[in-house]
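Colleague: What follows is upload-v8.csv, made up of CSV, C-alpha atoms and all ligand atoms:
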chain,number,residue,atom,x,y,z
A,23,MET,CA,-16.5,-5.0,3.4
A,24,ILE,CA,-14.3,-7.1,1.0
A,25,LEU,CA,-10.8,-7.9,2.0
A,26,LEU,CA,-8.3,-7.4,-0.9
A,27,ASP,CA,-6.4,-10.7,-0.4
A,28,GLY,CA,-2.9,-10.2,-1.6
A,29,LYS,CA,-1.8,-13.5,-0.4
A,30,LYS,CA,-4.3,-15.4,-2.4
A,31,THR,CA,-4.0,-13.1,-5.5
A,32,SER,CA,-0.2,-13.4,-5.4
A,33,ALA,CA,-0.5,-17.2,-5.2
A,34,ASP,CA,-2.8,-17.1,-8.3
A,35,ILE,CA,-0.2,-15.0,-10.2
A,36,LYS,CA,2.7,-17.3,-9.1
A,37,GLU,CA,0.7,-20.3,-10.3
A,38,GLU,CA,0.1,-18.6,-13.7
A,39,ILE,CA,3.9,-17.8,-13.9
A,40,ALA,CA,4.8,-21.4,-13.0
A,41,LEU,CA,2.6,-22.7,-15.8
A,42,GLU,CA,4.4,-20.3,-18.2
A,43,VAL,CA,7.7,-21.7,-17.0
A,44,ILE,CA,6.5,-25.3,-17.7
A,45,GLU,CA,5.6,-24.2,-21.2
A,46,LEU,CA,9.0,-22.6,-21.7
A,47,LYS,CA,10.6,-25.8,-20.6
A,48,ASN,CA,8.4,-27.9,-22.9
A,49,GLN,CA,9.6,-25.7,-25.8
A,50,GLU,CA,13.2,-26.2,-24.6
A,51,LYS,CA,13.6,-22.5,-24.1
A,52,LYS,CA,15.6,-20.8,-21.4
A,53,VAL,CA,13.8,-20.3,-18.0
A,54,PRO,CA,14.0,-16.9,-16.4
A,55,HIS,CA,16.9,-16.2,-14.1
A,56,LEU,CA,16.7,-13.5,-11.4
A,57,ALA,CA,19.7,-12.4,-9.4
A,58,ALA,CA,19.7,-10.3,-6.2
A,59,ILE,CA,22.5,-8.4,-4.6
A,60,ILE,CA,22.3,-7.6,-0.9
A,61,VAL,CA,25.0,-5.6,1.0
A,62,GLY,CA,25.2,-6.0,4.8
A,63,ASN,CA,23.2,-7.9,7.4
A,64,ASP,CA,20.0,-5.9,7.9
A,65,GLY,CA,17.4,-8.4,9.2
A,66,ALA,CA,14.3,-7.1,7.4
A,67,SER,CA,16.2,-6.8,4.1
A,68,LEU,CA,17.6,-10.3,4.4
A,69,THR,CA,14.1,-11.6,5.1
A,70,TYR,CA,12.7,-9.8,1.9
A,71,VAL,CA,15.6,-11.0,-0.3
A,72,ASN,CA,15.3,-14.6,0.9
A,73,ALA,CA,11.6,-14.5,0.2
A,74,LYS,CA,12.3,-13.3,-3.4
A,75,VAL,CA,14.8,-16.1,-4.0
A,76,LYS,CA,12.4,-18.7,-2.5
A,77,ALA,CA,9.6,-17.4,-4.7
A,78,CYS,CA,11.9,-17.9,-7.8
A,79,GLU,CA,12.5,-21.5,-6.9
A,80,ARG,CA,8.7,-22.1,-6.4
A,81,VAL,CA,7.8,-21.0,-9.9
A,82,GLY,CA,10.7,-22.8,-11.5
A,83,PHE,CA,13.0,-19.8,-12.2
A,84,GLU,CA,16.7,-19.9,-11.6
A,85,SER,CA,18.0,-17.5,-9.0
A,86,THR,CA,21.3,-16.3,-7.7
A,87,LEU,CA,21.8,-14.5,-4.4
A,88,ILE,CA,24.9,-12.4,-4.0
A,89,ARG,CA,25.7,-11.5,-0.4
A,90,LEU,CA,28.3,-8.8,0.1
A,91,PRO,CA,29.7,-7.7,3.5
A,92,GLU,CA,28.6,-4.3,5.0
A,93,GLU,CA,32.1,-2.8,4.3
A,94,THR,CA,31.9,-3.5,0.5
A,95,SER,CA,33.1,-0.4,-1.3
A,96,GLU,CA,31.0,1.4,-3.9
A,97,GLU,CA,33.5,0.4,-6.5
A,98,GLU,CA,33.2,-3.3,-5.6
A,99,LEU,CA,29.5,-3.1,-5.8
A,100,LEU,CA,29.5,-1.4,-9.2
A,101,ASN,CA,31.9,-4.1,-10.3
A,102,GLU,CA,29.4,-6.8,-9.2
A,103,ILE,CA,26.6,-5.0,-11.1
A,104,ASN,CA,28.7,-4.9,-14.2
A,105,ILE,CA,29.3,-8.7,-14.0
A,106,LEU,CA,25.5,-9.2,-13.9
A,107,ASN,CA,24.9,-6.7,-16.7
A,108,VAL,CA,27.1,-8.7,-19.1
A,109,ASP,CA,26.1,-12.2,-17.9
A,110,LYS,CA,23.9,-13.6,-20.7
A,111,ASP,CA,22.3,-16.1,-18.4
A,112,ILE,CA,20.9,-13.4,-16.0
A,113,ASP,CA,17.6,-11.9,-17.3
A,114,GLY,CA,17.1,-9.5,-14.5
A,115,PHE,CA,18.5,-8.5,-11.2
A,116,ILE,CA,17.9,-6.2,-8.2
A,117,VAL,CA,20.1,-4.5,-5.7
A,118,GLN,CA,18.2,-4.7,-2.4
A,119,LEU,CA,17.7,-1.3,-0.7
A,120,PRO,CA,18.6,0.4,1.6
A,121,LEU,CA,22.4,0.4,1.0
A,122,PRO,CA,25.0,1.2,3.6
A,123,ASP,CA,25.5,5.0,4.0
A,124,HIS,CA,29.0,5.0,2.4
A,125,ILE,CA,27.4,3.9,-1.0
A,126,ASP,CA,25.7,6.4,-3.3
A,127,GLU,CA,22.3,4.7,-4.0
A,128,GLN,CA,21.6,6.8,-7.2
A,129,LYS,CA,25.0,5.9,-8.7
A,130,VAL,CA,24.3,2.2,-8.1
A,131,LEU,CA,20.8,2.3,-9.5
A,132,MET,CA,22.1,4.0,-12.6
A,133,ALA,CA,24.7,1.3,-13.2
A,134,VAL,CA,22.1,-1.4,-13.7
A,135,ASP,CA,21.4,-2.2,-17.3
A,136,PRO,CA,17.9,-0.8,-17.9
A,137,ASP,CA,16.9,-3.9,-19.8
A,138,LYS,CA,17.7,-6.0,-16.7
A,139,ASP,CA,16.3,-3.5,-14.2
A,140,VAL,CA,13.3,-5.6,-13.0
A,141,ASP,CA,12.8,-3.3,-10.0
A,142,GLY,CA,12.2,-0.4,-12.4
A,143,PHE,CA,14.4,2.0,-10.5
A,144,HIS,CA,16.8,3.1,-13.3
A,145,PRO,CA,16.0,6.8,-14.3
A,146,MET,CA,15.5,5.6,-17.9
A,147,ASN,CA,12.7,3.3,-16.7
A,148,VAL,CA,11.2,5.8,-14.4
A,149,GLY,CA,11.2,8.2,-17.3
A,150,LYS,CA,9.5,5.7,-19.6
A,151,LEU,CA,6.9,5.1,-16.8
A,152,ALA,CA,6.2,8.8,-16.7
A,153,LEU,CA,5.7,8.8,-20.4
A,154,ASN,CA,3.4,5.7,-20.3
A,155,LEU,CA,5.9,3.8,-22.5
A,156,PRO,CA,6.5,0.0,-22.1
A,157,THR,CA,8.9,-0.5,-19.2
A,158,PHE,CA,9.4,-2.4,-15.9
A,159,ILE,CA,6.8,-0.9,-13.4
A,160,SER,CA,8.3,-1.3,-10.0
A,161,ALA,CA,6.9,-4.1,-8.0
A,162,THR,CA,4.8,-2.3,-5.3
A,163,PRO,CA,2.8,0.1,-7.7
A,164,PHE,CA,2.5,-2.8,-10.2
A,165,GLY,CA,1.1,-5.0,-7.5
A,166,ILE,CA,-1.4,-2.4,-6.5
A,167,LEU,CA,-2.6,-2.0,-10.1
A,168,GLU,CA,-2.9,-5.8,-10.4
A,169,LEU,CA,-4.9,-6.1,-7.1
A,170,LEU,CA,-7.3,-3.3,-8.3
A,171,GLU,CA,-7.7,-5.0,-11.6
A,172,ARG,CA,-8.3,-8.5,-10.3
A,173,TYR,CA,-10.9,-7.2,-7.8
A,174,ASN,CA,-12.6,-5.3,-10.6
A,175,ILE,CA,-12.3,-2.0,-8.8
A,176,GLU,CA,-13.2,0.9,-11.1
A,177,THR,CA,-10.6,3.7,-11.1
A,178,SER,CA,-11.7,5.7,-14.2
A,179,GLY,CA,-13.0,9.1,-13.1
A,180,LYS,CA,-12.6,8.3,-9.4
A,181,ASN,CA,-10.9,10.5,-6.9
A,182,VAL,CA,-7.7,8.8,-5.7
A,183,VAL,CA,-5.7,10.2,-2.9
A,184,VAL,CA,-2.1,8.9,-2.5
A,185,ILE,CA,-0.4,9.7,0.8
A,186,GLY,CA,3.3,9.7,0.6
A,187,ARG,CA,5.6,10.8,-2.3
A,188,SER,CA,8.4,8.2,-2.1
A,189,HIS,CA,10.2,7.3,-5.4
A,190,ILE,CA,9.3,3.6,-4.9
A,191,VAL,CA,5.6,3.9,-4.2
A,192,GLY,CA,3.8,7.3,-3.9
A,193,SER,CA,5.2,9.1,-6.8
A,194,PRO,CA,4.9,6.3,-9.4
A,195,MET,CA,1.5,5.3,-8.1
A,196,SER,CA,0.1,8.8,-8.6
A,197,ILE,CA,1.5,8.9,-12.1
A,198,LEU,CA,0.2,5.5,-13.1
A,199,LEU,CA,-3.3,6.0,-11.8
A,200,SER,CA,-3.7,9.3,-13.6
A,201,GLN,CA,-2.6,7.8,-16.9
A,202,LYS,CA,-4.7,6.6,-19.8
A,203,ARG,CA,-4.5,2.9,-19.1
A,204,ASN,CA,-6.6,0.0,-18.1
A,205,VAL,CA,-6.4,0.6,-14.4
A,206,GLY,CA,-6.0,4.4,-14.4
A,207,ASN,CA,-7.9,7.5,-15.7
A,208,ALA,CA,-8.3,8.6,-12.1
A,209,THR,CA,-8.2,12.1,-10.7
A,210,VAL,CA,-5.2,11.8,-8.4
A,211,THR,CA,-4.2,14.0,-5.5
A,212,LEU,CA,-0.6,13.3,-4.2
A,213,THR,CA,-0.3,14.3,-0.6
A,214,HIS,CA,2.7,14.4,1.7
A,215,SER,CA,4.0,15.7,5.0
A,216,ARG,CA,3.5,19.4,4.0
A,217,THR,CA,-0.1,18.9,2.9
A,218,LYS,CA,-2.5,21.2,4.7
A,219,ASP,CA,-5.8,19.8,6.1
A,220,LEU,CA,-5.2,16.2,4.9
A,221,ALA,CA,-8.4,14.9,6.4
A,222,LYS,CA,-10.5,17.2,4.3
A,223,ILE,CA,-8.8,15.8,1.2
A,224,THR,CA,-8.9,12.1,2.2
A,225,LYS,CA,-12.7,12.4,3.1
A,226,GLU,CA,-13.3,13.2,-0.6
A,227,ALA,CA,-11.4,10.1,-1.8
A,228,ASP,CA,-13.0,7.1,-3.5
A,229,ILE,CA,-9.7,5.3,-3.3
A,230,ILE,CA,-6.8,5.9,-0.8
A,231,VAL,CA,-3.3,4.6,-1.2
A,232,ALA,CA,-1.5,5.0,2.2
A,233,ALA,CA,2.2,4.9,1.7
A,234,LEU,CA,3.8,7.2,4.2
A,235,GLY,CA,5.3,4.7,6.7
A,236,ILE,CA,3.6,5.9,9.9
A,237,PRO,CA,1.8,3.1,11.7
A,238,GLU,CA,-2.1,3.5,11.9
A,239,PHE,CA,-1.9,7.1,10.6
A,240,LEU,CA,-5.2,7.0,8.6
A,241,LYS,CA,-8.1,7.0,11.1
A,242,GLY,CA,-11.7,6.2,10.6
A,243,ASP,CA,-12.8,9.8,10.8
A,244,MET,CA,-10.6,10.7,7.9
A,245,VAL,CA,-12.5,8.6,5.3
A,246,LYS,CA,-15.9,8.4,3.8
A,247,ASP,CA,-18.3,5.4,3.6
A,248,GLY,CA,-17.5,3.0,0.8
A,249,VAL,CA,-13.9,4.1,0.3
A,250,VAL,CA,-11.4,1.6,-1.1
A,251,ILE,CA,-8.2,1.4,1.0
A,252,ILE,CA,-4.8,0.2,-0.2
A,253,ASP,CA,-2.4,0.1,2.8
A,254,VAL,CA,1.2,0.0,1.7
A,255,GLY,CA,2.7,0.6,5.2
A,256,ILE,CA,4.5,-2.2,7.0
A,257,THR,CA,6.2,-1.3,10.3
A,258,ARG,CA,7.6,-3.6,12.9
A,259,VAL,CA,6.0,-2.6,16.2
A,260,ALA,CA,7.4,-4.3,19.4
A,261,ASP,CA,4.9,-6.8,20.9
A,262,ALA,CA,6.1,-9.0,23.7
A,263,SER,CA,3.2,-11.4,23.2
A,264,LYS,CA,4.5,-12.4,19.8
A,265,LYS,CA,7.0,-15.2,19.2
A,266,ASN,CA,9.5,-13.0,17.3
A,267,GLY,CA,8.8,-10.0,19.6
A,268,PHE,CA,7.1,-7.8,17.1
A,269,ARG,CA,3.9,-7.4,15.0
A,270,LEU,CA,3.5,-5.8,11.5
A,271,VAL,CA,1.3,-2.7,11.4
A,272,GLY,CA,0.1,-0.8,8.3
A,273,ASP,CA,-0.4,2.9,7.8
A,274,VAL,CA,-4.1,2.5,8.3
A,275,ALA,CA,-6.0,2.0,11.6
A,276,PHE,CA,-7.5,-1.2,10.3
A,277,ASN,CA,-10.3,-1.7,12.8
A,278,GLU,CA,-11.8,1.8,12.5
A,279,VAL,CA,-11.3,2.2,8.8
A,280,SER,CA,-12.5,-1.2,7.8
A,281,GLU,CA,-15.9,-0.4,9.3
A,282,LYS,CA,-16.4,2.3,6.6
A,283,ALA,CA,-14.5,0.8,3.7
A,284,SER,CA,-16.0,-1.2,0.8
A,285,HIS,CA,-12.6,-2.9,0.2
A,286,ILE,CA,-9.4,-2.9,2.2
A,287,THR,CA,-6.0,-4.6,2.1
A,288,PRO,CA,-4.9,-6.3,5.3
A,289,VAL,CA,-1.4,-6.0,6.8
A,290,PRO,CA,0.2,-8.4,6.5
A,291,GLY,CA,-1.2,-10.3,3.6
A,292,GLY,CA,-2.3,-7.4,1.3
A,293,VAL,CA,0.2,-5.3,-0.8
A,294,GLY,CA,3.3,-7.1,0.6
A,295,PRO,CA,2.9,-10.5,-1.1
A,296,MET,CA,1.9,-8.8,-4.3
A,297,THR,CA,5.3,-7.2,-4.7
A,298,ILE,CA,7.1,-10.5,-5.0
A,299,ALA,CA,4.7,-11.8,-7.5
A,300,MET,CA,5.2,-8.7,-9.7
A,301,LEU,CA,9.0,-8.9,-9.4
A,302,LEU,CA,8.6,-12.4,-10.9
A,303,LYS,CA,6.3,-11.1,-13.6
A,304,ASN,CA,8.9,-8.5,-14.5
A,305,THR,CA,11.6,-11.1,-14.6
A,306,LEU,CA,9.5,-13.2,-17.0
A,307,LEU,CA,9.0,-10.1,-19.1
A,308,ALA,CA,12.7,-9.4,-19.1
A,309,CYS,CA,13.4,-13.0,-20.2
A,310,GLU,CA,10.9,-12.7,-23.1
A,311,ARG,CA,12.1,-9.3,-24.1
A,312,ASN,CA,15.8,-10.0,-24.0
A,313,ARG,CA,15.8,-12.8,-26.5
B,1,LIG,N1,13.7,-2.3,-0.4
B,1,LIG,C1,12.4,-2.1,-0.1
B,1,LIG,N2,11.6,-2.4,-1.2
B,1,LIG,C2,12.5,-2.7,-2.2
B,1,LIG,C3,12.3,-3.1,-3.5
B,1,LIG,O1,11.1,-3.2,-4.0
B,1,LIG,N3,13.4,-3.4,-4.2
B,1,LIG,C4,14.6,-3.3,-3.7
B,1,LIG,N4,15.6,-3.6,-4.5
B,1,LIG,N5,14.8,-3.0,-2.4
B,1,LIG,C5,13.8,-2.7,-1.7
Would you kindly transcribe this structure into structure tokens?
Modeller:
Amino acid sequence: MILLDGKKTSADIKEEIALEVIELKNQEKKVPHLAAIIVGNDGASLTYVNAKVKACERVGFESTLIRLPEETSEEELLNEINILNVDKDIDGFIVQLPLPDHIDEQKVLMAVDPDKDVDGFHPMNVGKLALNLPTFISATPFGILELLERYNIETSGKNVVVIGRSHIVGSPMSILLSQKRNVGNATVTLTHSRTKDLAKITKEADIIVAALGIPEFLKGDMVKDGVVIIDVGITRVADASKKNGFRLVGDVAFNEVSEKASHITPVPGGVGPMTIAMLLKNTLLACERNR
């Protein structure tokens, strides 16, 4: 069994990006600048956003973190977005999700200039992705494509089963892997909570992307020998023996499934670290495209 090491792979990608930044500096060109807006004080979201900002600093990007209070109105948030849209120094920015209930998420995502939408969440960019046109591929599916590519995992003609139809992961993943592209050309089955006899489908899979958000959902008896497993799940489960009181658990019962898998991503240290590296990659791309 080969562990698909997202931590190591993301470090490699960040090193490649850092070298490109040095090259930009040598040529006296502008370095990429990523901004992030976060509304409220959700612990997990703050951790993620801080990790994104820190990653920018490590590769030599500029970064700006805009923290807004929980009670920020939709109008105030849209105003902040507009400021970033017109700021020539900002190449790309993200609005960390989820947003407080009183703010319409779709309205917010649509307000982001599609050319600065490094999360790839604007409907224009989602549409371009569906049409296989150049766009910002959102970080998690982009990271999975990159991981498959760097570990030379053949996808062409393979049976891929995606579990979960979220707009951020399952849906774009199923579209991308079915497309005519370098990592693609697969026969994809997108499954979800209404799917009947899921185990019958997953047992036929050469590659499984588990992205439903239920800890240890995919069991050993649901997969065939030699399967490639991409575990996108990351749930905090209470664990008194841990320093911070919780441990991170994926959507896959790792011990059982890893006995049958040819390749598997660990949690943590698999897909998670890849997402930040791909956000940086999109920001570099935005910087190159916008000038
Ligand atoms: N919340 C969870 N994942 C993401 C992401 O990729 N981008 C943003 N903006 N918020 C998130």
Colleague: Could you tell me how far CA of Pro288 (chain A) sits from CA of Val205 (chain A), in Å to one decimal place?
Modeller: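 Pair CA of Val205 (chain A) / CA of Pro288 (chain A) returns 20.9 Å.
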Colleague: Can you work out which one of A:Asp219, A:Asp141, A:Glu45, A:Glu37 has the shortest atom-to-atom distance to ligand LIG 1 (chain B), counting only C-alpha atoms and all ligand atoms?
Modeller: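 Residue with the minimum atom-to-atom distance to ligand LIG 1 (chain B): A:Asp141.
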Colleague: Can you work out which residues are within 6 Å of ligand LIG 1 (chain B), considering all atoms listed in the file, and then hand them over as a PyMOL selection string?
Modeller: chain A and resi 116-120+141+161
Colleague: Write a file of the just-selected residues containing C-alpha atoms, as an mmCIF file, in the coordinates of the input.
Modeller:
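File written: out-v3.cif
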data_model
loop_
_atom_site.group_PDB
_atom_site.id
_atom_site.type_symbol
_atom_site.label_atom_id
_atom_site.label_comp_id
_atom_site.auth_asym_id
_atom_site.auth_seq_id
_atom_site.Cartn_x
_atom_site.Cartn_y
_atom_site.Cartn_z
ATOM 1 C CA ILE A 116 17.900 -6.200 -8.200
ATOM 2 C CA VAL A 117 20.100 -4.500 -5.700
ATOM 3 C CA GLN A 118 18.200 -4.700 -2.400
ATOM 4 C CA LEU A 119 17.700 -1.300 -0.700
ATOM 5 C CA PRO A 120 18.600 0.400 1.600
ATOM 6 C CA ASP A 141 12.800 -3.300 -10.000
ATOM 7 C CA ALA A 161 6.900 -4.100 -8.000
#
Colleague: List every protein, DNA or RNA residue that has an atom no more than 10 Å from (4.1, 1.9, -15.9) in the file's coordinate frame, counting all atoms listed in the file, and report them as a list in words.
Modeller: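 Protein and nucleic acid residues near the point are Gly142, Asn147, Val148, Gly149, Lys150, Leu151, Ala152, Leu153, Asn154, Leu155, Pro156, Thr157, Phe158, Ile159, Ser160, Pro163, Phe164, Leu167, Pro194, Met195, Ile197, Leu198, Leu199, Gln201 and Arg203 of chain A.
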Colleague: Using Å and a single decimal, report how far CA of Lys52 (chain A) sits from CA of Leu131 (chain A).
Modeller: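 Taking CA of Leu131 (chain A) and CA of Lys52 (chain A), their separation equals 26.5 Å.
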Colleague: Calculated over all atoms listed in the file, which of the candidates A:Val71, A:Gly114, A:Asn63, A:Asp27 has the smallest distance to Arg311 (chain A)?
Modeller: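 Distance minimum relative to Arg311 (chain A) lands on A:Gly114.
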Colleague: Please, what distance in Å, to one decimal, runs between CA of Gly291 (chain A) and CA of Thr305 (chain A)?
Modeller: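 So the answer is 22.3 Å.
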Colleague: At a cut-off of 10 Å, using only C-alpha atoms, what residues contact Tyr70 (chain A)? Leave out same-chain residues fewer than 5 positions from it and give the result as a list in words.
Modeller: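 After dropping sequence-adjacent residues, the list is Gly65, Val75, Lys76, Gln118, Gly294 and Ile298 of chain A.
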Colleague: Using all atoms listed in the file, determine which residues lie at most 8 Å from Val43 (chain A), disregarding the query and same-chain residues fewer than 5 positions distant; provide the list as a list in words.
Modeller: Val53, Pro54, Val81, Gly82 and Phe83 of chain A
Colleague: Show me, as a list in words, the residues that have an atom within 9 Å of Ile88 (chain A) when counting all atoms listed in the file, minus same-chain residues fewer than 3 positions from it.
Modeller: Ala57, Ala58, Ile59, Ile60, Val61 and Glu102 of chain A
Colleague: Keeping only C-alpha atoms, write those residues as an mmCIF file, keeping the file's coordinate frame.
Modeller:
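Output below, filename out-v6.cif:
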data_model
loop_
_atom_site.group_PDB
_atom_site.id
_atom_site.type_symbol
_atom_site.label_atom_id
_atom_site.label_comp_id
_atom_site.auth_asym_id
_atom_site.auth_seq_id
_atom_site.Cartn_x
_atom_site.Cartn_y
_atom_site.Cartn_z
ATOM 1 C CA ALA A 57 19.700 -12.400 -9.400
ATOM 2 C CA ALA A 58 19.700 -10.300 -6.200
ATOM 3 C CA ILE A 59 22.500 -8.400 -4.600
ATOM 4 C CA ILE A 60 22.300 -7.600 -0.900
ATOM 5 C CA VAL A 61 25.000 -5.600 1.000
ATOM 6 C CA GLU A 102 29.400 -6.800 -9.200
#
Colleague: Name all residues at most 12 Å from Val108 (chain A) (count only C-alpha atoms; drop same-chain ones fewer than 3 positions away) and give them as a PyMOL selection string.
Modeller: chain A and resi 101-105+111-115+133-135+137-138
